[in-house]
>>> print(open('query-v5.pdb').read())   # PDB, C-alpha atoms
ATOM      1  CA  MET O  22     -11.905  14.729 -11.694
ATOM      2  CA  SER O  23     -10.850  11.681 -13.644
ATOM      3  CA  ALA O  24     -10.474   8.295 -12.003
ATOM      4  CA  ARG O  25      -6.740   8.490 -12.612
ATOM      5  CA  GLY O  26      -6.406  11.878 -10.885
ATOM      6  CA  SER O  27      -8.642  10.680  -8.089
ATOM      7  CA  SER O  28      -6.534   7.585  -7.506
ATOM      8  CA  ARG O  29      -3.361   9.673  -7.471
ATOM      9  CA  SER O  30      -4.904  12.012  -4.880
ATOM     10  CA  SER O  31      -5.981   9.022  -2.802
ATOM     11  CA  LEU O  32      -2.452   7.632  -2.869
ATOM     12  CA  VAL O  33      -0.978  10.952  -1.754
ATOM     13  CA  LEU O  34      -3.620  11.284   0.967
ATOM     14  CA  GLY O  35      -2.959   7.774   2.277
ATOM     15  CA  LEU O  36       0.804   8.298   2.305
ATOM     16  CA  ALA O  37       0.468  11.728   3.891
ATOM     17  CA  LEU O  38      -1.922  10.522   6.589
ATOM     18  CA  GLY O  39       0.436   7.737   7.575
ATOM     19  CA  GLY O  40       3.382  10.124   7.361
ATOM     20  CA  VAL O  41       1.854  12.847   9.518
ATOM     21  CA  LEU O  42       0.972  10.383  12.264
ATOM     22  CA  LEU O  43       4.430   8.792  12.109
ATOM     23  CA  GLY O  44       5.981  12.253  12.275
ATOM     24  CA  HIS O  45       3.711  13.156  15.195
ATOM     25  CA  THR O  46       4.858  10.102  17.118
ATOM     26  CA  ALA O  47       8.537  10.724  16.293
ATOM     27  CA  ALA O  48       8.316  14.398  17.292
ATOM     28  CA  TYR O  49       6.861  13.566  20.693
ATOM     29  CA  ARG O  50       9.409  10.817  21.270
ATOM     30  CA  LEU O  51      12.202  13.303  20.547
ATOM     31  CA  LEU O  52      10.600  16.050  22.613
ATOM     32  CA  LEU O  53       9.728  13.813  25.575
ATOM     33  CA  PRO O  54      11.966  10.694  25.559
ATOM     34  CA  ASP O  55      10.631   9.414  28.896
ATOM     35  CA  ALA O  56       7.548   7.272  28.156
ATOM     36  CA  HIS O  57       5.767   8.148  31.408
ATOM     37  CA  THR O  58       6.274  11.904  30.984
ATOM     38  CA  ARG O  59       5.220  11.646  27.351
ATOM     39  CA  ALA O  60       2.042   9.735  28.255
ATOM     40  CA  LEU O  61       1.117  12.353  30.863
ATOM     41  CA  GLU O  62       1.713  15.235  28.442
ATOM     42  CA  LEU O  63      -0.227  13.538  25.662
ATOM     43  CA  ALA O  64      -3.141  12.807  28.006
ATOM     44  CA  ALA O  65      -3.173  16.402  29.242
ATOM     45  CA  SER O  66      -3.011  17.937  25.771
ATOM     46  CA  GLY O  67      -5.915  16.158  24.058
ATOM     47  CA  HIS O  68      -4.183  13.199  22.444
ATOM     48  CA  GLY O  69      -6.591  10.546  23.723
ATOM     49  CA  TYR O  70      -7.721   9.710  20.187
ATOM     50  CA  LEU O  71      -4.186   9.008  18.992
ATOM     51  CA  SER O  72      -4.093   5.221  19.347
ATOM     52  CA  GLY O  73      -7.114   4.829  17.058
ATOM     53  CA  ALA O  74      -5.802   7.447  14.651
ATOM     54  CA  ASN O  75      -2.450   5.655  14.471
ATOM     55  CA  VAL O  76      -4.202   2.443  13.431
ATOM     56  CA  VAL O  77      -6.165   4.286  10.725
ATOM     57  CA  GLY O  78      -2.994   6.052   9.564
ATOM     58  CA  LEU O  79      -1.027   2.822   9.428
ATOM     59  CA  VAL O  80      -3.742   1.026   7.469
ATOM     60  CA  SER O  81      -4.161   3.907   5.015
ATOM     61  CA  ALA O  82      -0.405   4.160   4.464
ATOM     62  CA  VAL O  83      -0.083   0.397   3.885
ATOM     63  CA  VAL O  84      -3.031   0.435   1.467
ATOM     64  CA  ALA O  85      -1.560   3.436  -0.388
ATOM     65  CA  LEU O  86       1.846   1.753  -0.642
ATOM     66  CA  ALA O  87       0.226  -1.462  -1.869
ATOM     67  CA  ALA O  88      -1.787   0.470  -4.479
ATOM     68  CA  LEU O  89       1.337   2.343  -5.530
ATOM     69  CA  PHE O  90       3.257  -0.934  -5.861
ATOM     70  CA  LEU O  91       0.506  -2.722  -7.779
ATOM     71  CA  GLY O  92       0.004   0.315 -10.011
ATOM     72  CA  GLY O  93       3.705   0.160 -10.824
ATOM     73  CA  VAL O  94       3.662  -3.578 -11.437
ATOM     74  CA  LEU O  95       0.569  -3.437 -13.587
ATOM     75  CA  ARG O  96       1.576  -0.098 -15.110
ATOM     76  CA  THR O  97      -1.934   1.253 -14.671
ATOM     77  CA  THR O  98      -0.677   4.627 -13.439
ATOM     78  CA  GLU O  99       2.216   6.835 -14.317
ATOM     79  CA  THR O 100       2.859   8.124 -10.807
ATOM     80  CA  ALA O 101       5.969  10.303 -10.841
ATOM     81  CA  PRO O 102       7.302  10.566  -7.285
ATOM     82  CA  ARG O 103       9.601  13.557  -7.921
ATOM     83  CA  ASP O 104       6.894  16.016  -6.779
ATOM     84  CA  LEU O 105       5.597  13.684  -4.102
ATOM     85  CA  ALA O 106       8.043  14.878  -1.426
ATOM     86  CA  TRP O 107       6.914  18.502  -1.760
ATOM     87  CA  ARG O 108       3.253  17.502  -1.669
ATOM     88  CA  LEU O 109       3.805  15.340   1.385
ATOM     89  CA  ILE O 110       5.830  18.034   3.173
ATOM     90  CA  GLY O 111       3.128  20.617   2.547
ATOM     91  CA  PHE O 112       0.335  18.354   3.701
ATOM     92  CA  GLN O 113       2.155  16.941   6.713
ATOM     93  CA  VAL O 114       3.341  20.323   8.020
ATOM     94  CA  ALA O 115      -0.129  21.833   7.671
ATOM     95  CA  ALA O 116      -1.832  18.772   9.160
ATOM     96  CA  PHE O 117       0.638  18.638  12.077
ATOM     97  CA  CYS O 118       0.072  22.321  12.905
ATOM     98  CA  ALA O 119      -3.701  21.876  12.713
ATOM     99  CA  MET O 120      -3.576  18.720  14.834
ATOM    100  CA  GLU O 121      -1.525  20.380  17.554
ATOM    101  CA  VAL O 122      -3.653  23.503  17.743
ATOM    102  CA  LEU O 123      -6.942  21.543  17.727
ATOM    103  CA  GLU O 124      -5.669  19.056  20.322
ATOM    104  CA  ARG O 125      -4.739  21.864  22.687
ATOM    105  CA  ILE O 126      -7.954  23.801  22.132
ATOM    106  CA  THR O 127     -10.204  20.774  22.684
ATOM    107  CA  SER O 128      -8.323  19.639  25.796
ATOM    108  CA  GLY O 129      -8.190  23.105  27.344
ATOM    109  CA  GLY O 130      -4.483  22.536  27.952
ATOM    110  CA  GLY O 131      -3.409  25.861  26.505
ATOM    111  CA  LEU O 132      -0.797  26.725  23.926
ATOM    112  CA  GLN O 133       2.198  27.167  26.268
ATOM    113  CA  HIS O 134       4.159  24.145  24.925
ATOM    114  CA  LEU O 135       3.097  24.583  21.286
ATOM    115  CA  PRO O 136       6.233  26.476  20.101
ATOM    116  CA  ALA O 137       8.538  23.741  21.435
ATOM    117  CA  VAL O 138       6.391  21.045  19.842
ATOM    118  CA  LEU O 139       6.383  22.885  16.502
ATOM    119  CA  LEU O 140      10.129  23.530  16.682
ATOM    120  CA  ILE O 141      10.752  19.782  16.878
ATOM    121  CA  GLY O 142       7.669  18.566  15.030
ATOM    122  CA  LEU O 143       7.859  20.554  11.798
ATOM    123  CA  PRO O 144      11.372  19.431  10.782
ATOM    124  CA  VAL O 145      10.461  15.870  11.784
ATOM    125  CA  GLN O 146       7.368  16.063   9.556
ATOM    126  CA  ALA O 147       9.484  17.298   6.631
ATOM    127  CA  LEU O 148      12.039  14.526   7.177
ATOM    128  CA  ILE O 149       9.343  11.846   7.388
ATOM    129  CA  ALA O 150       7.730  13.202   4.200
ATOM    130  CA  VAL O 151      11.049  12.962   2.336
ATOM    131  CA  LEU O 152      11.605   9.421   3.649
ATOM    132  CA  VAL O 153       8.080   8.375   2.606
ATOM    133  CA  ALA O 154       8.648   9.871  -0.863
ATOM    134  CA  PHE O 155      11.991   8.044  -1.091
ATOM    135  CA  ALA O 156      10.314   4.769  -0.060
ATOM    136  CA  ALA O 157       7.601   5.368  -2.660
ATOM    137  CA  ARG O 158      10.241   6.004  -5.359
ATOM    138  CA  LEU O 159      12.087   2.826  -4.376
ATOM    139  CA  LEU O 160       8.836   0.876  -4.357
ATOM    140  CA  LEU O 161       7.981   2.164  -7.831
ATOM    141  CA  ARG O 162      11.402   1.151  -9.147
ATOM    142  CA  VAL O 163      10.984  -2.361  -7.745
ATOM    143  CA  ALA O 164       7.473  -2.515  -9.212
ATOM    144  CA  ALA O 165       8.786  -1.368 -12.614
ATOM    145  CA  ALA O 166      11.480  -4.051 -12.527
ATOM    146  CA  ILE O 167       8.886  -6.704 -11.704
ATOM    147  CA  ALA O 168       6.610  -5.399 -14.449
ATOM    148  CA  ASP O 169       9.498  -5.597 -16.933
ATOM    149  CA  LEU O 170      10.172  -9.178 -15.896
ATOM    150  CA  HIS O 171       6.476  -9.984 -16.122
ATOM    151  CA  GLY O 172       6.311  -8.591 -19.673
ATOM    152  CA  ARG O 173       9.155 -10.766 -20.948
ATOM    153  CA  THR O 174       8.639 -14.329 -22.158
ATOM    154  CA  PRO O 175      10.923 -16.703 -20.288
ATOM    155  CA  THR O 176      13.071 -18.908 -22.518
ATOM    156  CA  TRP O 177      11.558 -22.113 -21.129
ATOM    157  CA  ALA O 178       8.056 -20.934 -22.030
ATOM    158  CA  ALA O 179       9.082 -20.095 -25.589
ATOM    159  CA  ALA O 180      10.030 -23.720 -26.300
ATOM    160  CA  SER O 181       7.431 -25.569 -28.323
ATOM    161  CA  LEU O 182       6.327 -29.077 -27.575
ATOM    162  CA  ALA O 183       5.341 -31.227 -30.556
ATOM    163  CA  ILE O 184       2.380 -33.491 -29.860
ATOM    164  CA  PRO O 185       1.291 -35.924 -32.578
ATOM    165  CA  GLY O 186      -2.311 -35.397 -33.675
ATOM    166  CA  ASP O 187      -3.342 -38.969 -32.795
ATOM    167  CA  ALA O 188      -2.263 -38.516 -29.203
ATOM    168  CA  VAL O 189      -4.712 -35.660 -28.712
ATOM    169  CA  ALA O 190      -7.793 -37.322 -30.280
ATOM    170  CA  PRO O 191      -9.854 -39.528 -27.951
ATOM    171  CA  ARG O 192      -9.279 -43.196 -28.424
ATOM    172  CA  ARG O 193     -12.114 -45.087 -30.097
ATOM    173  CA  PRO O 194     -12.683 -48.783 -29.729
ATOM    174  CA  ASP O 195     -12.006 -50.992 -32.729
ATOM    175  CA  ARG O 196     -15.218 -52.978 -32.150
ATOM    176  CA  THR O 197     -18.444 -52.442 -33.968
ATOM    177  CA  GLY O 198     -21.828 -52.718 -32.377
ATOM    178  CA  SER O 199     -22.979 -51.168 -29.151
ATOM    179  CA  PRO O 200     -21.012 -48.284 -27.738
ATOM    180  CA  PRO O 201     -18.658 -49.026 -24.900
ATOM    181  CA  GLY O 202     -19.814 -48.421 -21.394
ATOM    182  CA  ARG O 203     -22.802 -49.542 -19.411
ATOM    183  CA  ALA O 204     -25.720 -51.092 -21.239
ATOM    184  CA  PRO O 205     -28.431 -53.613 -20.460
ATOM    185  CA  PRO O 206     -27.420 -57.247 -20.798
ATOM    186  CA  SER O 207     -27.626 -58.497 -24.368
ATOM    187  CA  PHE O 208     -30.175 -61.223 -23.585
ATOM    188  CA  LEU O 209     -32.647 -58.528 -22.481
ATOM    189  CA  VAL O 210     -32.195 -56.489 -25.628
ATOM    190  CA  ALA O 211     -32.250 -59.403 -28.157
ATOM    191  CA  THR O 212     -35.579 -59.852 -29.989
TER     192      THR O 212
END
>>> encode(input="query-v5.pdb", output="structure tokens")
Amino acid sequence: MSARGSSRSSLVLGLALGGVLLGHTAAYRLLLPDAHTRALELAASGHGYLSGANVVGLVSAVVALAALFLGGVLRTTETAPRDLAWRLIGFQVAAFCAMEVLERITSGGGLQHLPAVLLIGLPVQALIAVLVAFAARLLLRVAAAIADLHGRTPTWAAASLAIPGDAVAPRRPDRTGSPPGRAPPSFLVAT
């Protein structure tokens, strides 16, 4: 895989990881609005790792957005976000399903609440993926505008400043003899 394809995959992975965790949080907040009830359900269903995973997801999403922005400003990539929403939806839905099943299997909590979680969680994941793709498109447009501004020469920089040649050359003393600066006293040097 080329470096360009690899960087594009890394961007999608970073955005999708942040998106799936954001969607996971939003789905559970919609499903269980009461914070205490939600905390109990999350603890009982194997979500103990989630605070650390949310930090990793947030960092990866921020890094991916920064790379996307800088790639747009520097025009080092030609990332077209029109397919990004479908890629993010596919990844986030699959990752959310896998997360939920694995969480319930590892905690021994059973699958009894899984259909309700998926009923809320899957549309939330799709919505978050579309919003992330929209944010990425907006970010790329801003980056392109900045890159266009960066490529132009401002009118004040195009103005030339005439400097006479004598003003640039170092000034030489009119005296003859020893060079200016520190030297031993003349009575020590005289023979």
>>> atom_distance(input="query-v5.pdb", atom1="atom CA of Ala150 of chain O", atom2="atom CA of Leu89 of chain O")
15.9 Å
>>> atom_distance(input="query-v5.pdb", atom1="atom CA of Arg108 of chain O", atom2="atom CA of Val163 of chain O")
22.2 Å
>>> resolve_selection(input="query-v5.pdb", expression="the PyMOL selection byres ((chain O and resi 37) around 12)", output="number ranges by chain")
O: 30-36, 38-45, 78-79, 81-83, 85-86, 105-117, 146-147, 149-154, 157
>>> atom_distance(input="query-v5.pdb", atom1="atom CA of Ala48 of chain O", atom2="atom CA of Ala87 of chain O")
26.2 Å
>>> resolve_selection(input="query-v5.pdb", expression="the PyMOL selection byres ((chain O and resi 124) around 10)", output="PDB file with C-alpha atoms, in the coordinates of the input")
ATOM      1  CA  LEU O  63      -0.227  13.538  25.662  1.00  0.00           C
ATOM      2  CA  ALA O  65      -3.173  16.402  29.242  1.00  0.00           C
ATOM      3  CA  SER O  66      -3.011  17.937  25.771  1.00  0.00           C
ATOM      4  CA  GLY O  67      -5.915  16.158  24.058  1.00  0.00           C
ATOM      5  CA  HIS O  68      -4.183  13.199  22.444  1.00  0.00           C
ATOM      6  CA  GLY O  69      -6.591  10.546  23.723  1.00  0.00           C
ATOM      7  CA  TYR O  70      -7.721   9.710  20.187  1.00  0.00           C
ATOM      8  CA  CYS O 118       0.072  22.321  12.905  1.00  0.00           C
ATOM      9  CA  ALA O 119      -3.701  21.876  12.713  1.00  0.00           C
ATOM     10  CA  MET O 120      -3.576  18.720  14.834  1.00  0.00           C
ATOM     11  CA  GLU O 121      -1.525  20.380  17.554  1.00  0.00           C
ATOM     12  CA  VAL O 122      -3.653  23.503  17.743  1.00  0.00           C
ATOM     13  CA  LEU O 123      -6.942  21.543  17.727  1.00  0.00           C
ATOM     14  CA  ARG O 125      -4.739  21.864  22.687  1.00  0.00           C
ATOM     15  CA  ILE O 126      -7.954  23.801  22.132  1.00  0.00           C
ATOM     16  CA  THR O 127     -10.204  20.774  22.684  1.00  0.00           C
ATOM     17  CA  SER O 128      -8.323  19.639  25.796  1.00  0.00           C
ATOM     18  CA  GLY O 129      -8.190  23.105  27.344  1.00  0.00           C
ATOM     19  CA  GLY O 130      -4.483  22.536  27.952  1.00  0.00           C
ATOM     20  CA  GLY O 131      -3.409  25.861  26.505  1.00  0.00           C
ATOM     21  CA  LEU O 132      -0.797  26.725  23.926  1.00  0.00           C
TER      22      LEU O 132
END
